[in-house]
>>> print(open('upload_1.txt').read())   # compact mmCIF, C-alpha atoms
# COMPACT_ATOMS: atom_id res chain seq x y z
CA MET D 170 32.57 43.34 -34.08
CA THR D 171 30.78 43.03 -37.38
CA LEU D 172 30.84 46.30 -39.31
CA SER D 173 28.54 47.04 -42.22
CA LEU D 174 27.36 49.93 -44.32
CA SER D 175 23.64 50.54 -44.44
CA SER D 176 21.70 52.47 -47.06
CA PRO D 177 18.09 52.13 -45.92
CA ALA D 178 15.16 53.61 -47.72
CA ALA D 179 14.56 57.31 -47.31
CA PRO D 180 12.46 58.33 -44.29
CA GLY D 181 8.78 58.16 -44.93
CA THR D 182 8.93 55.66 -47.78
CA ARG D 183 6.53 52.75 -47.66
CA PRO D 184 7.71 49.26 -46.74
CA GLU D 185 8.32 46.59 -49.33
CA HIS D 186 4.78 45.25 -48.79
CA PRO D 187 2.68 48.43 -48.64
CA SER D 188 -0.44 46.64 -47.48
CA ALA D 189 1.22 45.60 -44.20
CA ALA D 190 2.34 48.06 -41.54
CA PRO D 191 5.61 47.29 -39.74
CA ALA D 192 5.22 44.94 -36.81
CA PRO D 193 5.52 46.61 -33.40
CA ARG D 194 9.19 46.60 -32.38
CA GLY D 195 9.26 48.07 -28.90
CA ARG D 196 10.16 51.38 -27.33
CA ALA D 197 12.89 53.73 -28.53
CA VAL D 198 14.01 56.95 -26.90
CA MET D 199 16.06 59.81 -28.30
CA ILE D 200 18.37 61.44 -25.76
CA VAL D 201 18.92 65.13 -26.50
CA PRO D 202 21.52 66.73 -24.19
CA THR D 203 21.01 70.49 -23.92
CA TYR D 204 22.83 73.49 -22.57
CA ASN D 205 21.63 76.91 -23.73
CA GLU D 206 19.61 75.49 -26.63
CA ILE D 207 16.39 77.44 -26.04
CA ASP D 208 16.13 78.53 -29.68
CA ASN D 209 16.59 75.00 -31.00
CA LEU D 210 14.67 72.76 -28.60
CA GLU D 211 11.05 73.34 -29.62
CA PRO D 212 11.73 73.29 -33.40
CA LEU D 213 13.73 70.07 -32.90
CA LEU D 214 10.90 68.36 -31.00
CA GLU D 215 8.42 69.49 -33.64
CA ALA D 216 10.61 68.03 -36.39
CA LEU D 217 11.13 64.74 -34.56
CA PHE D 218 7.48 64.16 -33.70
CA SER D 219 6.35 65.05 -37.21
CA LEU D 220 8.24 62.03 -38.57
CA PRO D 221 6.23 58.84 -39.24
CA ILE D 222 8.61 56.85 -37.06
CA GLN D 223 6.18 54.34 -35.58
CA ALA D 224 4.30 53.90 -38.85
CA GLY D 225 7.51 53.53 -40.86
CA THR D 226 9.72 51.51 -38.53
CA GLY D 227 7.42 50.00 -35.91
CA TRP D 228 9.12 51.71 -32.95
CA GLN D 229 7.26 53.71 -30.33
CA PHE D 230 9.32 56.90 -30.11
CA ASP D 231 9.91 59.24 -27.17
CA VAL D 232 12.45 61.98 -26.39
CA LEU D 233 14.48 62.41 -23.20
CA VAL D 234 15.78 65.96 -22.82
CA ARG D 235 18.77 66.09 -20.48
CA ASP D 236 19.37 69.70 -19.47
CA ASP D 237 22.22 70.70 -17.21
CA SER D 238 20.83 73.89 -15.65
CA SER D 239 20.92 76.02 -18.80
CA PRO D 240 20.92 79.70 -17.75
CA ASP D 241 18.92 80.65 -20.85
CA GLY D 242 15.85 78.72 -19.64
CA THR D 243 16.14 75.65 -21.89
CA GLY D 244 15.25 73.35 -18.98
CA GLU D 245 12.13 75.33 -18.06
CA LEU D 246 11.00 75.34 -21.68
CA ALA D 247 11.48 71.57 -21.82
CA GLU D 248 9.29 71.16 -18.74
CA ARG D 249 6.51 73.27 -20.28
CA LEU D 250 6.63 71.32 -23.54
CA ALA D 251 6.61 68.00 -21.67
CA ALA D 252 3.56 69.07 -19.69
CA GLY D 253 1.80 70.63 -22.67
CA ARG D 254 1.89 69.94 -26.38
CA PHE D 255 4.25 66.93 -26.13
CA ALA D 256 2.77 65.41 -22.98
CA GLY D 257 3.48 61.71 -22.66
CA ARG D 258 6.23 61.80 -25.29
CA VAL D 259 8.90 63.99 -23.69
CA ILE D 260 10.82 63.20 -20.52
CA VAL D 261 12.92 65.91 -18.90
CA SER D 262 15.97 65.17 -16.77
CA HIS D 263 17.89 67.88 -14.91
CA GLY D 264 21.38 68.10 -13.48
CA GLN D 265 24.20 70.47 -12.71
CA LYS D 266 26.53 71.43 -15.54
CA SER D 267 29.37 68.90 -15.51
CA GLY D 268 30.07 68.28 -19.19
CA LEU D 269 28.54 66.30 -22.03
CA GLY D 270 30.03 62.99 -20.95
CA ASN D 271 28.51 63.11 -17.47
CA ALA D 272 25.17 64.27 -18.86
CA MET D 273 25.13 61.32 -21.25
CA LYS D 274 25.91 58.86 -18.46
CA ARG D 275 22.95 60.03 -16.38
CA ALA D 276 20.68 60.02 -19.42
CA PHE D 277 21.77 56.48 -20.32
CA ASP D 278 21.05 55.36 -16.77
CA GLU D 279 17.56 56.82 -16.87
CA ALA D 280 16.75 55.41 -20.31
CA VAL D 281 17.84 51.92 -19.21
CA GLU D 282 15.90 52.17 -15.96
CA ARG D 283 12.76 53.17 -17.87
CA GLY D 284 13.05 50.01 -19.95
CA TYR D 285 13.62 51.43 -23.42
CA ASP D 286 14.72 48.82 -25.93
CA VAL D 287 16.73 51.19 -28.16
CA ILE D 288 18.53 54.27 -26.84
CA MET D 289 19.36 56.96 -29.38
CA THR D 290 21.37 60.18 -29.09
CA MET D 291 21.61 63.35 -31.15
CA ASP D 292 22.69 66.96 -30.74
CA ALA D 293 20.09 69.65 -30.17
CA ASP D 294 21.53 72.13 -32.67
CA PHE D 295 20.23 70.54 -35.92
CA SER D 296 23.73 69.45 -36.95
CA HIS D 297 22.06 66.03 -37.12
CA ALA D 298 19.04 66.06 -39.41
CA PRO D 299 15.85 64.76 -37.76
CA ALA D 300 14.91 63.23 -41.13
CA ASP D 301 17.83 60.79 -40.70
CA VAL D 302 16.48 59.33 -37.44
CA PRO D 303 14.34 56.63 -39.14
CA LYS D 304 17.43 55.44 -41.00
CA LEU D 305 19.09 54.53 -37.71
CA LEU D 306 16.03 52.64 -36.51
CA GLN D 307 15.74 50.86 -39.83
CA ALA D 308 19.35 49.72 -39.46
CA ILE D 309 18.40 48.28 -36.05
CA ASN D 310 15.44 46.55 -37.71
CA ASP D 311 17.85 45.08 -40.25
CA GLY D 312 19.87 43.41 -37.51
CA ALA D 313 22.35 46.00 -36.24
CA ASP D 314 23.07 46.20 -32.54
CA ILE D 315 24.51 49.68 -33.01
CA ALA D 316 23.69 52.12 -35.80
CA ILE D 317 25.96 55.15 -36.25
CA GLY D 318 25.13 58.16 -38.39
CA SER D 319 28.26 58.68 -40.48
CA ARG D 320 29.57 61.55 -42.59
CA TYR D 321 32.49 59.53 -43.86
CA VAL D 322 30.92 56.55 -45.63
CA ASP D 323 29.54 56.53 -49.17
CA GLY D 324 26.45 58.71 -49.24
CA GLY D 325 27.42 60.75 -46.18
CA LEU D 326 27.75 64.51 -46.57
CA ILE D 327 29.46 67.42 -44.82
CA PRO D 328 28.06 70.93 -45.43
CA GLY D 329 29.86 72.91 -48.11
CA ASN D 330 30.03 75.94 -45.82
CA TRP D 331 31.48 74.04 -42.88
CA PRO D 332 34.56 75.94 -41.63
CA LEU D 333 37.89 74.43 -42.63
CA GLY D 334 38.96 74.53 -38.99
CA TYR D 335 36.09 72.21 -38.02
CA ILE D 336 36.95 69.78 -40.79
CA ILE D 337 40.61 69.70 -39.75
CA ARG D 338 39.63 69.28 -36.10
CA THR D 339 37.42 66.24 -36.76
CA ARG D 340 40.02 64.67 -39.05
CA VAL D 341 42.76 65.20 -36.49
CA ALA D 342 40.50 63.78 -33.77
CA GLY D 343 39.92 60.69 -35.89
CA ALA D 344 43.63 60.25 -36.54
CA VAL D 345 44.41 60.64 -32.83
CA ALA D 346 41.73 58.10 -31.92
CA ARG D 347 43.18 55.55 -34.32
CA MET D 348 46.91 56.11 -33.81
CA LEU D 349 47.02 57.01 -30.12
CA GLY D 350 43.89 55.14 -29.04
CA GLY D 351 43.99 52.17 -31.38
CA VAL D 352 40.31 52.43 -32.40
CA ASP D 353 39.52 50.00 -35.22
CA PRO D 354 40.03 51.87 -38.54
CA ALA D 355 37.08 49.96 -40.01
CA LEU D 356 34.84 52.43 -38.15
CA LYS D 357 34.88 55.67 -40.12
CA GLU D 358 32.80 57.93 -37.84
CA LEU D 359 34.31 58.30 -34.38
CA THR D 360 33.22 61.62 -32.88
CA THR D 361 29.51 61.76 -33.62
CA ASN D 362 26.72 61.84 -31.06
CA PHE D 363 24.16 60.53 -33.58
CA ARG D 364 23.63 56.86 -32.75
CA ALA D 365 21.09 54.16 -31.98
CA VAL D 366 22.08 51.40 -29.55
CA ARG D 367 20.21 48.38 -28.23
CA ARG D 368 19.74 48.48 -24.47
CA GLU D 369 21.63 45.23 -23.89
CA VAL D 370 24.73 46.77 -25.48
CA LEU D 371 24.72 49.73 -23.09
CA GLU D 372 24.15 47.40 -20.17
CA ARG D 373 27.43 45.63 -21.00
CA ILE D 374 29.57 48.75 -21.48
CA PRO D 375 31.20 50.08 -18.26
CA TYR D 376 30.66 53.72 -19.18
CA GLU D 377 30.28 54.74 -15.53
CA GLY D 378 34.00 54.25 -14.97
CA VAL D 379 35.29 56.56 -17.70
CA GLN D 380 36.31 59.99 -16.45
CA ALA D 381 35.20 62.06 -19.41
CA LYS D 382 33.28 65.31 -19.25
CA GLY D 383 33.42 66.28 -22.92
CA TYR D 384 33.68 64.63 -26.31
CA GLY D 385 36.24 62.17 -24.98
CA PHE D 386 33.16 60.21 -23.94
CA MET D 387 32.19 59.83 -27.60
CA ILE D 388 35.50 58.25 -28.50
CA PHE D 389 35.25 55.94 -25.49
CA LEU D 390 31.87 54.72 -26.74
CA ALA D 391 33.10 54.30 -30.32
CA ASN D 392 35.94 52.10 -29.11
CA ALA D 393 33.63 50.12 -26.83
CA PHE D 394 31.27 49.45 -29.73
CA VAL D 395 33.92 48.07 -32.07
CA THR D 396 35.77 46.01 -29.46
CA GLY D 397 32.63 44.10 -28.55
CA SER D 398 31.00 41.24 -30.41
CA TRP D 399 28.15 43.38 -31.70
CA LYS D 400 27.10 44.21 -35.22
CA VAL D 401 27.87 47.86 -35.93
CA THR D 402 26.31 49.56 -38.94
CA GLU D 403 27.34 52.97 -40.28
CA VAL D 404 24.42 54.79 -41.86
CA PRO D 405 25.24 57.61 -44.31
CA ILE D 406 23.82 60.94 -43.12
CA SER D 407 23.99 64.60 -44.03
CA PHE D 408 25.79 66.67 -41.42
CA HIS D 409 24.85 70.34 -41.03
CA THR D 410 26.14 73.55 -39.50
CA ARG D 411 24.45 74.24 -36.16
CA ALA D 412 21.22 76.19 -36.52
CA SER D 413 21.64 78.50 -33.52
CA GLY D 414 23.91 79.02 -30.55
CA ASP D 415 27.62 78.40 -30.01
CA SER D 416 29.80 75.31 -29.97
CA LYS D 417 30.51 74.00 -26.45
CA ALA D 418 33.98 72.61 -27.27
CA SER D 419 36.87 74.00 -25.20
CA LEU D 420 40.61 73.53 -24.77
CA SER D 421 40.00 71.29 -21.76
CA ASP D 422 37.85 69.04 -23.98
CA ILE D 423 40.76 68.67 -26.40
CA VAL D 424 43.17 67.76 -23.59
CA GLU D 425 40.65 65.28 -22.22
CA PHE D 426 40.18 63.78 -25.68
CA PHE D 427 43.91 63.00 -25.88
CA ARG D 428 43.87 61.55 -22.36
CA ILE D 429 40.91 59.28 -23.06
CA ALA D 430 42.34 58.19 -26.42
CA TYR D 431 45.68 57.28 -24.83
CA ARG D 432 43.96 55.02 -22.28
CA LEU D 433 41.70 53.15 -24.70
CA ASN D 434 43.91 50.28 -25.91
CA ASP D 435 47.33 49.13 -24.78
CA ASP D 436 48.21 48.00 -28.31
CA SER D 437 47.44 51.16 -30.28
CA PRO D 438 49.77 51.91 -33.22
CA PHE D 439 51.45 54.67 -31.20
CA LYS D 440 52.12 52.48 -28.17
CA GLN D 441 53.14 49.56 -30.34
CA LEU D 442 55.63 51.72 -32.24
CA ALA D 443 57.01 53.13 -28.98
CA ARG D 444 57.58 49.60 -27.66
CA PHE D 445 59.06 48.52 -30.98
CA ILE D 446 61.55 51.39 -30.86
CA THR D 447 62.44 50.60 -27.24
CA VAL D 448 63.10 46.93 -27.99
CA GLY D 449 64.92 47.87 -31.18
CA LEU D 450 67.20 50.33 -29.39
CA LEU D 451 68.06 47.72 -26.80
CA GLY D 452 68.57 45.24 -29.63
CA THR D 453 70.98 47.72 -31.17
CA VAL D 454 72.93 47.79 -27.92
CA VAL D 455 73.00 43.97 -27.97
CA ASN D 456 74.17 44.01 -31.60
CA LEU D 457 76.94 46.54 -31.08
CA GLY D 458 77.92 45.08 -27.71
CA MET D 459 78.17 41.59 -29.16
CA LEU D 460 80.27 42.83 -32.06
CA TRP D 461 82.57 44.75 -29.72
CA PHE D 462 82.86 41.74 -27.40
CA LEU D 463 83.72 39.33 -30.23
CA ARG D 464 86.31 41.73 -31.62
CA ARG D 465 88.11 41.56 -28.28
CA PHE D 466 88.74 37.87 -28.93
CA PHE D 467 89.03 37.98 -32.75
CA PRO D 468 90.86 41.20 -33.66
CA ASP D 469 91.81 39.96 -37.12
CA ASP D 470 90.05 42.10 -39.76
CA SER D 471 89.61 39.07 -41.99
CA VAL D 472 86.80 37.74 -39.76
CA VAL D 473 85.03 41.01 -38.98
CA VAL D 474 82.31 40.26 -41.55
CA LEU D 475 81.54 36.94 -39.86
CA LEU D 476 81.49 38.63 -36.48
CA SER D 477 79.01 41.19 -37.81
CA ALA D 478 76.71 38.39 -38.99
CA ILE D 479 76.85 36.75 -35.55
CA ALA D 480 76.02 40.07 -33.87
CA ILE D 481 73.07 40.56 -36.21
CA GLN D 482 71.71 37.13 -35.33
CA ALA D 483 72.07 37.82 -31.62
CA SER D 484 70.03 40.99 -31.95
CA ILE D 485 67.41 39.13 -34.00
CA VAL D 486 66.93 36.58 -31.21
CA TRP D 487 66.70 39.43 -28.69
CA ASN D 488 64.18 41.37 -30.76
CA PHE D 489 62.02 38.33 -31.49
CA THR D 490 61.84 37.39 -27.81
CA PHE D 491 60.84 40.83 -26.58
CA HIS D 492 58.57 41.73 -29.50
CA THR D 493 56.66 38.54 -28.76
CA ARG D 494 56.45 39.19 -25.02
CA PHE D 495 56.26 42.97 -24.93
CA THR D 496 55.72 44.81 -28.21
CA PHE D 497 52.89 42.99 -29.96
CA LYS D 498 50.55 42.22 -27.08
CA LYS D 499 47.59 41.32 -29.29
CA PHE D 500 49.60 38.48 -30.80
CA ARG D 501 50.35 37.09 -27.37
CA ARG D 502 46.74 37.47 -26.18
CA SER D 503 45.45 35.71 -29.30
CA HIS D 504 47.22 32.53 -28.10
CA GLY D 505 45.89 32.69 -24.56
CA ARG D 506 48.03 32.48 -21.45
CA ARG D 507 50.90 30.58 -23.08
CA ILE D 508 52.09 30.47 -26.68
CA PRO D 509 52.70 26.84 -27.79
CA VAL D 510 56.33 25.97 -28.57
CA ARG D 511 55.32 24.94 -32.07
CA SER D 512 53.74 28.32 -32.70
CA LEU D 513 56.82 30.09 -31.37
CA LEU D 514 59.14 28.09 -33.61
CA LYS D 515 56.92 28.73 -36.61
CA ALA D 516 56.81 32.45 -35.84
CA PHE D 517 60.58 32.57 -35.37
CA GLY D 518 61.09 30.82 -38.69
CA GLN D 519 58.81 33.35 -40.37
CA TYR D 520 60.67 36.15 -38.62
CA GLU D 521 64.00 34.86 -39.89
CA LEU D 522 62.67 34.62 -43.44
CA THR D 523 60.84 37.95 -43.53
CA THR D 524 63.71 39.84 -41.91
CA ALA D 525 66.19 38.52 -44.46
CA LEU D 526 65.77 41.79 -46.31
CA THR D 527 66.63 43.87 -43.25
CA GLN D 528 69.59 41.62 -42.47
CA THR D 529 70.79 42.13 -46.03
CA VAL D 530 70.43 45.91 -45.69
CA ILE D 531 72.43 45.96 -42.47
CA PHE D 532 75.07 43.59 -43.78
CA THR D 533 75.42 45.41 -47.11
CA CYS D 534 75.70 48.80 -45.43
CA PHE D 535 78.32 47.43 -43.06
CA VAL D 536 80.45 45.96 -45.85
CA VAL D 537 80.21 49.02 -48.11
CA LEU D 538 80.80 51.57 -45.37
CA SER D 539 83.62 49.56 -43.79
CA ASN D 540 85.40 49.34 -47.13
CA LEU D 541 85.00 53.11 -47.43
CA GLY D 542 86.87 53.52 -44.18
CA VAL D 543 83.92 54.17 -41.86
CA PHE D 544 84.52 53.06 -38.25
CA TYR D 545 83.08 49.55 -37.97
CA LEU D 546 80.62 50.33 -35.12
CA LEU D 547 79.27 53.38 -36.96
CA ALA D 548 78.93 51.34 -40.15
CA GLN D 549 76.87 48.76 -38.26
CA LEU D 550 74.72 51.48 -36.65
CA LEU D 551 73.96 53.14 -39.99
CA GLY D 552 72.91 49.81 -41.42
CA ILE D 553 70.55 49.22 -38.51
CA GLY D 554 68.94 52.64 -39.01
CA ALA D 555 68.44 52.04 -42.72
CA ALA D 556 66.63 48.76 -42.03
CA PHE D 557 64.37 50.03 -39.24
CA VAL D 558 61.39 51.16 -41.32
CA VAL D 559 61.31 47.97 -43.37
CA ASN D 560 61.67 45.89 -40.23
CA TYR D 561 58.74 47.56 -38.47
CA TYR D 562 56.49 47.23 -41.49
CA VAL D 563 57.24 43.53 -41.90
CA SER D 564 56.88 42.85 -38.19
CA SER D 565 53.58 44.69 -37.67
CA THR D 566 51.86 43.47 -40.84
CA TYR D 567 53.11 39.90 -41.20
CA ILE D 568 54.64 38.29 -38.14
CA TRP D 569 52.85 39.60 -35.05
CA VAL D 570 49.31 39.80 -36.38
CA ARG D 571 46.31 38.54 -34.46
CA ARG D 572 44.79 35.36 -35.88
CA ALA D 573 41.36 37.01 -35.93
CA ALA D 574 42.66 39.88 -38.02
CA ARG D 575 44.22 37.49 -40.53
CA ALA D 576 41.10 35.39 -40.73
CA ALA D 577 39.13 38.50 -41.63
>>> encode(input="upload_1.txt", output="structure tokens")
Amino acid sequence: MTLSLSSPAAPGTRPEHPSAAPAPRGRAVMIVPTYNEIDNLEPLLEALFSLPIQAGTGWQFDVLVRDDSSPDGTGELAERLAAGRFAGRVIVSHGQKSGLGNAMKRAFDEAVERGYDVIMTMDADFSHAPADVPKLLQAINDGADIAIGSRYVDGGLIPGNWPLGYIIRTRVAGAVARMLGGVDPALKELTTNFRAVRREVLERIPYEGVQAKGYGFMIFLANAFVTGSWKVTEVPISFHTRASGDSKASLSDIVEFFRIAYRLNDDSPFKQLARFITVGLLGTVVNLGMLWFLRRFFPDDSVVVLLSAIAIQASIVWNFTFHTRFTFKKFRRSHGRRIPVRSLLKAFGQYELTTALTQTVIFTCFVVLSNLGVFYLLAQLLGIGAAFVVNYYVSSTYIWVRRAARAA
């Protein structure tokens, strides 16, 4: 992934060479999923088709309305508009109500089958400003494979009257996607449905296989975009409170969001930390067991400090082995099927050096607490606990880091 921030000219501005119109680019379609949006649909289409999109960006622009049997008549209105005032520019697709994610899948399929070069998406409720649409297409013109309308980059705005609960919900969703799902933190906007994507990108994303009815589908797409080799551009936009109607989010959508996020990446921070703790706990057992075992043979208190140092080293070898094989999977994958011996030795040497601080913490705690009369196993355990946070930080940011991440 190549991620960039785009600040294209405002919609409707003339190109750098005003005497020359933009060269024809191809065909772009805006997918608008609808359910009970009868008050918003016609004004939205009017706003979209009033924009000088083809003159300003070079793209022929159509709209695909995907309506899932809206009981308020949104689908019927879309058919009338497609046959009347917007004939030849509006396509209407119908289906049974089965959630946003499934509606988007079917709409993607249809857009690809119809041969559109760029497939765009936006909500029907005016939370995404039609005036920002040319910005996304301009980002595509500038070389992006994926352009994402973002509230969270410089120049992006959230309405001042947006409810605090909505703000907290989107922030929590972003944190969940990054911690639980492992979505690249370089991408700021994760839950939006305001995007422009080249057809060849969608053709390479296995979106059919994801079981997501609601906004979990959005987070799946965000992760797919940033784990590919495509150029992703975040375009600053102004987000707005919906013009009419009610939000479609439900408790089941929230549960699904967590489920989808958990399944995204096997090396998310949450999963990585869980594995680190598991290996560390077993390493603690090795440490304490080794110390107990050695004390059976060397009961003299004069050598207990040396025995503690040996037990620490045994746990270090244990932890290094299983962190390499189990905890930090990205590190292992970055070396292919087998890590060269030279790389392993180098990593182990780095591990020994960078964990010197944690060894010192454990050893110091053991000596101090033992001299204070604390039972020797408890003294060792307290030292291990004190060093855990430092150990995880050093391990996750220095030793087991993917080569690609370091090169960046």
>>> residues_around(input="upload_1.txt", residues="Gly554 of chain D", least_positions_apart="6", cutoff="12 Å", atoms="all atoms listed in the file", output="number ranges by chain")
D: 446, 449-450, 452-453, 527-528, 530-532, 534-535, 547-548, 560-561
>>> closest_residue(input="upload_1.txt", among="D:Ser564, D:Ser319, D:Ser238, D:Ser407", to="Thr524 of chain D", atoms="all atoms listed in the file")
D:Ser564
>>> atom_distance(input="upload_1.txt", atom1="atom CA of Thr496 of chain D", atom2="atom CA of Val563 of chain D")
13.8 Å
>>> atom_distance(input="upload_1.txt", atom1="atom CA of Phe497 of chain D", atom2="atom CA of Phe427 of chain D")
22.3 Å
>>> residues_around(input="upload_1.txt", residues="segment 484-490 of chain D", least_positions_apart="2", cutoff="8 Å", atoms="all atoms listed in the file", output="JSON, numbers by chain")
{"D": [448, 449, 452, 453, 455, 456, 480, 481, 482, 492, 493, 494, 517, 520]}
>>> atom_distance(input="upload_1.txt", atom1="atom CA of Val366 of chain D", atom2="atom CA of Ser398 of chain D")
13.5 Å
>>> closest_residue(input="upload_1.txt", among="D:Ser219, D:Asn540, D:Thr290, D:Ser267", to="Val234 of chain D", atoms="all atoms listed in the file")
D:Thr290
>>> closest_residue(input="upload_1.txt", among="D:Arg501, D:His297, D:Lys357, D:Lys304", to="Val322 of chain D", atoms="only C-alpha atoms")
D:Lys357
>>> residues_around(input="upload_1.txt", residues="Ile315 of chain D", least_positions_apart="4", cutoff="8 Å", atoms="only C-alpha atoms", output="tab-separated table (two decimals) with C-alpha atoms, keeping the file's coordinate frame")
chain	number	residue	atom	x	y	z
D	309	ILE	CA	18.40	48.28	-36.05
D	364	ARG	CA	23.63	56.86	-32.75
D	365	ALA	CA	21.09	54.16	-31.98
D	366	VAL	CA	22.08	51.40	-29.55
D	367	ARG	CA	20.21	48.38	-28.23
D	394	PHE	CA	31.27	49.45	-29.73
D	399	TRP	CA	28.15	43.38	-31.70
D	400	LYS	CA	27.10	44.21	-35.22
D	401	VAL	CA	27.87	47.86	-35.93
D	402	THR	CA	26.31	49.56	-38.94
>>> closest_residue(input="upload_1.txt", among="D:Leu390, D:Ala430, D:Val473, D:Ala272", to="Val345 of chain D", atoms="only C-alpha atoms")
D:Ala430
>>> residues_around(input="upload_1.txt", residues="Phe277 of chain D", least_positions_apart="3", cutoff="10 Å", atoms="all atoms listed in the file", output="compact mmCIF listing (two decimals) with C-alpha atoms, in the coordinates of the input")
# COMPACT_ATOMS: atom_id res chain seq x y z
CA ILE D 200 18.37 61.44 -25.76
CA LEU D 233 14.48 62.41 -23.20
CA ASN D 271 28.51 63.11 -17.47
CA ALA D 272 25.17 64.27 -18.86
CA MET D 273 25.13 61.32 -21.25
CA LYS D 274 25.91 58.86 -18.46
CA ALA D 280 16.75 55.41 -20.31
CA VAL D 281 17.84 51.92 -19.21
CA GLU D 282 15.90 52.17 -15.96
CA ARG D 283 12.76 53.17 -17.87
CA ILE D 288 18.53 54.27 -26.84
CA MET D 289 19.36 56.96 -29.38
CA THR D 290 21.37 60.18 -29.09
CA ARG D 368 19.74 48.48 -24.47
CA LEU D 371 24.72 49.73 -23.09
CA GLU D 372 24.15 47.40 -20.17
CA TYR D 376 30.66 53.72 -19.18
CA GLU D 377 30.28 54.74 -15.53
>>> axis_aligned_box(input="upload_1.txt", around="segment 387-397 of chain D", padding_each_side="3 Å", output="JSON")
{"center_x": 33.6, "center_y": 52.0, "center_z": -28.8, "size_x": 10.7, "size_y": 21.7, "size_z": 12.6}
>>> residues_near_point(input="upload_1.txt", point="(21.5, 56.5, -39.8)", cutoff="9 Å", atoms="all atoms listed in the file", output="VMD selection string")
chain D and resid 175 to 177 301 to 308 316 to 319 363 to 365 402 to 406
>>> residues_around(input="upload_1.txt", residues="segment 381-389 of chain D", least_positions_apart="5", cutoff="7 Å", atoms="all atoms listed in the file", output="PyMOL selection string")
chain D and resi 267-271+359-362+422+425-426+429
>>> closest_residue(input="upload_1.txt", among="D:Pro193, D:Gly350, D:Gly552, D:Pro221", to="Ala300 of chain D", atoms="all atoms listed in the file")
D:Pro221
